[in-house]
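Colleague: Next up is a structure, given as structure tokens.
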Amino acid sequence: MKTQRKGEKCLNCGELLLPEDNYCRVCGQLNDDPNVSFGTLLFDFLSNYFSLDSRFSRSVVPFLFRPGYLTNRFIEGKRVSFANPIRLYLIISVIYFFLLSLAVTDLTDTFSNADMEDSAGNRLEGAQVLDSLESAFNMEIETSAEQSNNMINIDLGDSLNDSALEQVWLKYREMKKSGQYSSADMIDQLVSEQQPWWQQLLIRQYIRIDNSEVSSVTSYLIKNASIMMFFLLPIFALVLKLVYVRRKHLLYFHHLIHGIHLHSFAFVLFSLSILMSLVWSVDVDVYRVILLMVYLYFSFKRVYQQGYLKTAAKLITLFLLYGGIFCFALVIEVMISLLIF
């Protein structure tokens, strides 16, 4: 609820107000003084929208060190005492995907600045390495282009056969190598109305992506991956419902809350590993996987209250089912993202 800071008089009509007056008795305006410091406004914003209050502080320790505790309290109906699961997930996911984008950008910069050796043993900067690879690739394209009777002048409208895309590719590489064409110019010249719609879409998107910064493409993919993960949560809950179909007292909504808590913890763990990698260049991937497995196991054990072996079997089943769904969704997300980039 929004914090109400009462004043001594109405800011609208000037009527004197009592401390217990929530509204002006004369004009009816809300008794709230907006003239506060920036720090107060910031605190109110965080408290109202991110629940950074006593509920949040009470949730941190059990969330991190008592797997399944918050889920059980939610199922019991004790929902006001702890942070809202959906808000908790949104906060953590925003932080995680932001750090992930930083990590990917850092990895790209590291590669572009890396040193390699050429055939003569000379050191090459990362940018030179990329240029060398591009030049080598273009040499192959030139050879193929010469054998194709100067593909730069082909008539795309008359080449709608199995090698049409290959011819378009060769012409595109020639145009890009010349450096005289913008992306829009190359699209105008390479896309023909006589081509199938899927070829037109493929050519447009390839040219756009190939002429974009790697960081912008990866950032776009990561942004869409965050959306994908949000929509995967209901599917994860459905898988939990199927794996624990005999737990009749647990509703689908309960499995959804459990899934939100599990994904939130995974994002916290991944965020910490990314921070350690960026700040101290420490690789903790193995420990991250082990900690996540331990957390998941005891969370399942506490929420579903089954034996150790049965819990392990259910966890393996969940990995197989949800792992396949996740990989399929990731492929679809990448394909759709590249098609609408």
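Labels used: A, B, ... for chains in the order of the structure tokens, numbers from 1 for residues in each chain, and numbers from 1 for ligands as shown.
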Taking only C-alpha atoms into account, produce a table as a Markdown table in which each residue of segment 154-243 of chain A with an atom at most 8 Å from an atom of segment 329-336 of chain A appears once, together with its shortest atom pair and the distance in Å to one decimal, ordered by chain and rising number.
Modeller:
| residue | atom | partner | partner_atom | distance |
| --- | --- | --- | --- | --- |
| A:Leu221 | CA | A:Val334 | CA | 6.6 |
| A:Asn224 | CA | A:Glu333 | CA | 7.1 |
| A:Ala225 | CA | A:Glu333 | CA | 6.9 |
| A:Met228 | CA | A:Glu333 | CA | 7.0 |
Colleague: Kindly save the residues from that selection, with N, CA and C atoms included, as a short mmCIF file (atom, residue, chain, number, x, y, z; two decimals), in the first residue's frame.
Modeller:
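New file again_15.cif:
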data_model
loop_
_atom_site.label_atom_id
_atom_site.label_comp_id
_atom_site.auth_asym_id
_atom_site.auth_seq_id
_atom_site.Cartn_x
_atom_site.Cartn_y
_atom_site.Cartn_z
N LEU A 221 18.63 -11.78 -28.03
CA LEU A 221 18.33 -13.18 -27.72
C LEU A 221 18.12 -13.38 -26.22
N ASN A 224 14.73 -12.01 -25.07
CA ASN A 224 13.65 -12.93 -25.41
C ASN A 224 13.72 -14.22 -24.59
N ALA A 225 14.94 -14.60 -24.19
CA ALA A 225 15.07 -15.78 -23.34
C ALA A 225 14.42 -15.56 -21.98
N MET A 228 10.86 -16.12 -22.53
CA MET A 228 10.64 -17.56 -22.68
C MET A 228 10.59 -18.27 -21.33
#
Colleague: Please identify all polymer residues within 8 Å of Ser59 of chain A, counting only C-alpha atoms, omitting same-chain residues fewer than 5 positions from it, and present them as a list of chain:residue names.
Modeller: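 Once the nearby chain positions are removed, what remains is A:Leu70, A:Phe82, A:Ala83.
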Colleague: Per residue of segment 222-339 of chain A within 9 Å of segment 91-105 of chain A, record the nearest atom pair and its distance in Å to one decimal, counting only C-alpha atoms, with rows in chain order and ascending residue number, as JSON lines.
Modeller:
{"residue": "A:Ile222", "atom": "CA", "partner": "A:Ser101", "partner_atom": "CA", "distance": 6.7}
{"residue": "A:Lys223", "atom": "CA", "partner": "A:Phe97", "partner_atom": "CA", "distance": 7.4}
{"residue": "A:Ala225", "atom": "CA", "partner": "A:Phe97", "partner_atom": "CA", "distance": 8.6}
{"residue": "A:Ser226", "atom": "CA", "partner": "A:Phe97", "partner_atom": "CA", "distance": 6.8}
{"residue": "A:His263", "atom": "CA", "partner": "A:Ser93", "partner_atom": "CA", "distance": 8.8}
{"residue": "A:Ser264", "atom": "CA", "partner": "A:Ile92", "partner_atom": "CA", "distance": 6.3}
{"residue": "A:Phe265", "atom": "CA", "partner": "A:Ile92", "partner_atom": "CA", "distance": 8.5}
{"residue": "A:Phe267", "atom": "CA", "partner": "A:Tyr96", "partner_atom": "CA", "distance": 5.9}
{"residue": "A:Val268", "atom": "CA", "partner": "A:Ile92", "partner_atom": "CA", "distance": 6.6}
{"residue": "A:Phe270", "atom": "CA", "partner": "A:Tyr96", "partner_atom": "CA", "distance": 7.1}
{"residue": "A:Ser271", "atom": "CA", "partner": "A:Tyr96", "partner_atom": "CA", "distance": 5.1}
{"residue": "A:Leu272", "atom": "CA", "partner": "A:Tyr96", "partner_atom": "CA", "distance": 8.8}
{"residue": "A:Ile274", "atom": "CA", "partner": "A:Leu99", "partner_atom": "CA", "distance": 6.8}
{"residue": "A:Leu275", "atom": "CA", "partner": "A:Leu99", "partner_atom": "CA", "distance": 7.5}
{"residue": "A:Ser277", "atom": "CA", "partner": "A:Ala103", "partner_atom": "CA", "distance": 8.3}
{"residue": "A:Leu278", "atom": "CA", "partner": "A:Ala103", "partner_atom": "CA", "distance": 6.9}
Colleague: For Val243 of chain A, work out the shell of residues within 9 Å, counting only C-alpha atoms and skipping chain neighbours fewer than 3 positions away, then give it as a PyMOL selection string.
Modeller: chain A and resi 238-240+246+314-315+317-318
Colleague: Could you name the residues that touch Lys301 of chain A at 10 Å or less, counting only C-alpha atoms, but leaving out those on the same chain fewer than 2 positions away, as a ChimeraX atom specification?
Modeller: /A:67-68,295-299,303-308,310-312,315
Colleague: What's around Lys176 of chain A at 12 Å? Count only C-alpha atoms, leave out sequence neighbours fewer than 2 positions away in its own chain, and write the answer as a PDB file with N, CA, C and O atoms, in the first residue's frame.
Modeller:
ATOM      1  N   GLU A 134      37.715 -13.446 -42.089  1.00  0.00           N
ATOM      2  CA  GLU A 134      36.821 -12.896 -43.115  1.00  0.00           C
ATOM      3  C   GLU A 134      37.488 -12.933 -44.483  1.00  0.00           C
ATOM      4  O   GLU A 134      36.870 -13.284 -45.485  1.00  0.00           O
ATOM      5  N   SER A 135      38.778 -12.579 -44.526  1.00  0.00           N
ATOM      6  CA  SER A 135      39.495 -12.575 -45.800  1.00  0.00           C
ATOM      7  C   SER A 135      39.612 -13.982 -46.368  1.00  0.00           C
ATOM      8  O   SER A 135      39.439 -14.204 -47.574  1.00  0.00           O
ATOM      9  N   ASN A 138      36.327 -14.962 -47.738  1.00  0.00           N
ATOM     10  CA  ASN A 138      36.035 -14.255 -48.979  1.00  0.00           C
ATOM     11  C   ASN A 138      36.818 -14.821 -50.152  1.00  0.00           C
ATOM     12  O   ASN A 138      36.352 -14.770 -51.302  1.00  0.00           O
ATOM     13  N   ILE A 141      34.852 -17.499 -51.495  1.00  0.00           N
ATOM     14  CA  ILE A 141      33.711 -16.950 -52.211  1.00  0.00           C
ATOM     15  C   ILE A 141      34.122 -16.448 -53.599  1.00  0.00           C
ATOM     16  O   ILE A 141      33.415 -16.639 -54.587  1.00  0.00           O
ATOM     17  N   ILE A 152      27.824 -11.542 -59.494  1.00  0.00           N
ATOM     18  CA  ILE A 152      27.365 -10.214 -59.119  1.00  0.00           C
ATOM     19  C   ILE A 152      26.309  -9.691 -60.073  1.00  0.00           C
ATOM     20  O   ILE A 152      25.525  -8.793 -59.755  1.00  0.00           O
ATOM     21  N   TRP A 169      23.679 -15.926 -51.920  1.00  0.00           N
ATOM     22  CA  TRP A 169      24.753 -15.844 -50.925  1.00  0.00           C
ATOM     23  C   TRP A 169      26.043 -15.333 -51.554  1.00  0.00           C
ATOM     24  O   TRP A 169      26.728 -14.459 -51.014  1.00  0.00           O
ATOM     25  N   LEU A 170      26.393 -15.889 -52.725  1.00  0.00           N
ATOM     26  CA  LEU A 170      27.626 -15.473 -53.388  1.00  0.00           C
ATOM     27  C   LEU A 170      27.568 -13.997 -53.779  1.00  0.00           C
ATOM     28  O   LEU A 170      28.537 -13.245 -53.598  1.00  0.00           O
ATOM     29  N   LYS A 171      26.440 -13.578 -54.293  1.00  0.00           N
ATOM     30  CA  LYS A 171      26.307 -12.176 -54.678  1.00  0.00           C
ATOM     31  C   LYS A 171      26.373 -11.270 -53.455  1.00  0.00           C
ATOM     32  O   LYS A 171      26.979 -10.190 -53.487  1.00  0.00           O
ATOM     33  N   TYR A 172      25.759 -11.713 -52.366  1.00  0.00           N
ATOM     34  CA  TYR A 172      25.787 -10.917 -51.132  1.00  0.00           C
ATOM     35  C   TYR A 172      27.210 -10.727 -50.637  1.00  0.00           C
ATOM     36  O   TYR A 172      27.598  -9.618 -50.235  1.00  0.00           O
ATOM     37  N   ARG A 173      28.002 -11.802 -50.664  1.00  0.00           N
ATOM     38  CA  ARG A 173      29.379 -11.690 -50.191  1.00  0.00           C
ATOM     39  C   ARG A 173      30.183 -10.733 -51.067  1.00  0.00           C
ATOM     40  O   ARG A 173      31.030  -9.981 -50.583  1.00  0.00           O
ATOM     41  N   GLU A 174      29.919 -10.753 -52.366  1.00  0.00           N
ATOM     42  CA  GLU A 174      30.602  -9.823 -53.263  1.00  0.00           C
ATOM     43  C   GLU A 174      30.222  -8.378 -52.955  1.00  0.00           C
ATOM     44  O   GLU A 174      31.071  -7.487 -52.923  1.00  0.00           O
ATOM     45  N   SER A 178      32.703  -5.347 -51.358  1.00  0.00           N
ATOM     46  CA  SER A 178      32.972  -4.088 -52.038  1.00  0.00           C
ATOM     47  C   SER A 178      32.846  -2.891 -51.100  1.00  0.00           C
ATOM     48  O   SER A 178      33.472  -1.849 -51.307  1.00  0.00           O
ATOM     49  N   GLY A 179      32.022  -3.027 -50.048  1.00  0.00           N
ATOM     50  CA  GLY A 179      31.845  -1.947 -49.083  1.00  0.00           C
ATOM     51  C   GLY A 179      31.076  -0.756 -49.610  1.00  0.00           C
ATOM     52  O   GLY A 179      31.103   0.319 -48.994  1.00  0.00           O
ATOM     53  N   GLN A 180      30.405  -0.922 -50.743  1.00  0.00           N
ATOM     54  CA  GLN A 180      29.700   0.186 -51.363  1.00  0.00           C
ATOM     55  C   GLN A 180      28.189   0.143 -51.128  1.00  0.00           C
ATOM     56  O   GLN A 180      27.473   1.024 -51.602  1.00  0.00           O
ATOM     57  N   TYR A 181      27.735  -0.867 -50.402  1.00  0.00           N
ATOM     58  CA  TYR A 181      26.300  -1.052 -50.245  1.00  0.00           C
ATOM     59  C   TYR A 181      25.930  -1.085 -48.762  1.00  0.00           C
ATOM     60  O   TYR A 181      26.641  -1.680 -47.948  1.00  0.00           O
ATOM     61  N   SER A 182      24.817  -0.462 -48.457  1.00  0.00           N
ATOM     62  CA  SER A 182      24.267  -0.558 -47.108  1.00  0.00           C
ATOM     63  C   SER A 182      23.411  -1.810 -47.012  1.00  0.00           C
ATOM     64  O   SER A 182      23.130  -2.471 -48.028  1.00  0.00           O
ATOM     65  N   SER A 183      22.977  -2.125 -45.805  1.00  0.00           N
ATOM     66  CA  SER A 183      22.120  -3.305 -45.627  1.00  0.00           C
ATOM     67  C   SER A 183      20.837  -3.169 -46.426  1.00  0.00           C
ATOM     68  O   SER A 183      20.374  -4.128 -47.064  1.00  0.00           O
ATOM     69  N   ALA A 184      20.257  -1.974 -46.396  1.00  0.00           N
ATOM     70  CA  ALA A 184      19.006  -1.750 -47.135  1.00  0.00           C
ATOM     71  C   ALA A 184      19.220  -1.918 -48.629  1.00  0.00           C
ATOM     72  O   ALA A 184      18.376  -2.494 -49.332  1.00  0.00           O
ATOM     73  N   ASP A 185      20.373  -1.422 -49.152  1.00  0.00           N
ATOM     74  CA  ASP A 185      20.657  -1.558 -50.577  1.00  0.00           C
ATOM     75  C   ASP A 185      20.802  -3.021 -50.970  1.00  0.00           C
ATOM     76  O   ASP A 185      20.304  -3.447 -52.023  1.00  0.00           O
ATOM     77  N   MET A 186      21.501  -3.781 -50.141  1.00  0.00           N
ATOM     78  CA  MET A 186      21.698  -5.199 -50.459  1.00  0.00           C
ATOM     79  C   MET A 186      20.379  -5.960 -50.413  1.00  0.00           C
ATOM     80  O   MET A 186      20.141  -6.857 -51.229  1.00  0.00           O
ATOM     81  N   ILE A 187      19.527  -5.614 -49.463  1.00  0.00           N
ATOM     82  CA  ILE A 187      18.210  -6.270 -49.389  1.00  0.00           C
ATOM     83  C   ILE A 187      17.393  -5.939 -50.635  1.00  0.00           C
ATOM     84  O   ILE A 187      16.752  -6.822 -51.226  1.00  0.00           O
ATOM     85  N   LEU A 190      18.880  -7.983 -53.588  1.00  0.00           N
ATOM     86  CA  LEU A 190      18.920  -9.438 -53.482  1.00  0.00           C
ATOM     87  C   LEU A 190      17.548 -10.071 -53.290  1.00  0.00           C
ATOM     88  O   LEU A 190      17.389 -11.264 -53.517  1.00  0.00           O
ATOM     89  N   ILE A 207      20.826 -10.789 -43.789  1.00  0.00           N
ATOM     90  CA  ILE A 207      21.577  -9.562 -44.039  1.00  0.00           C
ATOM     91  C   ILE A 207      21.523  -8.640 -42.825  1.00  0.00           C
ATOM     92  O   ILE A 207      22.534  -8.041 -42.435  1.00  0.00           O
ATOM     93  N   ASP A 210      23.746 -10.287 -40.086  1.00  0.00           N
ATOM     94  CA  ASP A 210      25.160 -10.317 -40.441  1.00  0.00           C
ATOM     95  C   ASP A 210      25.788  -8.931 -40.373  1.00  0.00           C
ATOM     96  O   ASP A 210      26.997  -8.801 -40.168  1.00  0.00           O
ATOM     97  N   ASN A 211      24.994  -7.885 -40.539  1.00  0.00           N
ATOM     98  CA  ASN A 211      25.516  -6.518 -40.507  1.00  0.00           C
ATOM     99  C   ASN A 211      25.247  -5.822 -39.179  1.00  0.00           C
ATOM    100  O   ASN A 211      25.407  -4.602 -39.076  1.00  0.00           O
TER     101      ASN A 211
END
Colleague: What's around segment 202-205 of chain A at 7 Å? Count only C-alpha atoms, leave out sequence neighbours fewer than 2 positions away in its own chain, and write the answer as a VMD selection string.
Modeller: chain A and resid 187 191 198 to 200 207 to 209 338 to 339
Colleague: Find the residue from A:Leu107, A:Met293, A:Val279, A:Leu250 that sits nearest to Glu76 of chain A; use only C-alpha atoms when measuring.
Modeller: A:Leu250
Colleague: Nearest to Ile235 of chain A among A:Trp280, A:Arg288, A:Phe253, A:Ser219, with distances taken over only C-alpha atoms: which residue is it?
Modeller: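 Of A:Trp280, A:Arg288, A:Phe253, A:Ser219, the one nearest Ile235 of chain A is A:Phe253, counting only C-alpha atoms.
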Colleague: What separation in Å, quoted to one decimal, exists between atom CA of Met276 of chain A and atom CA of His261 of chain A?
Modeller: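 Atom CA of His261 of chain A lies 22.9 Å from atom CA of Met276 of chain A.
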Colleague: If I take atom CA of Gln195 of chain A and atom CA of Val214 of chain A, how far is one from the other in Å, to one decimal?
Modeller: 28.5 Å
Colleague: Let me make sure I understand: among A:Cys27, A:Ala266, A:Leu232, A:Ile260, which one has the smallest atom-to-atom distance to Arg87 of chain A if we use only C-alpha atoms?
Modeller: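 Among A:Cys27, A:Ala266, A:Leu232, A:Ile260, it is A:Ile260 that comes nearest to Arg87 of chain A.
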Colleague: Considering only C-alpha atoms, state which residue in the set A:Ile227, A:Tyr244, A:Ile325, A:Pro234 is at the smallest distance from Leu256 of chain A.
Modeller: A:Pro234
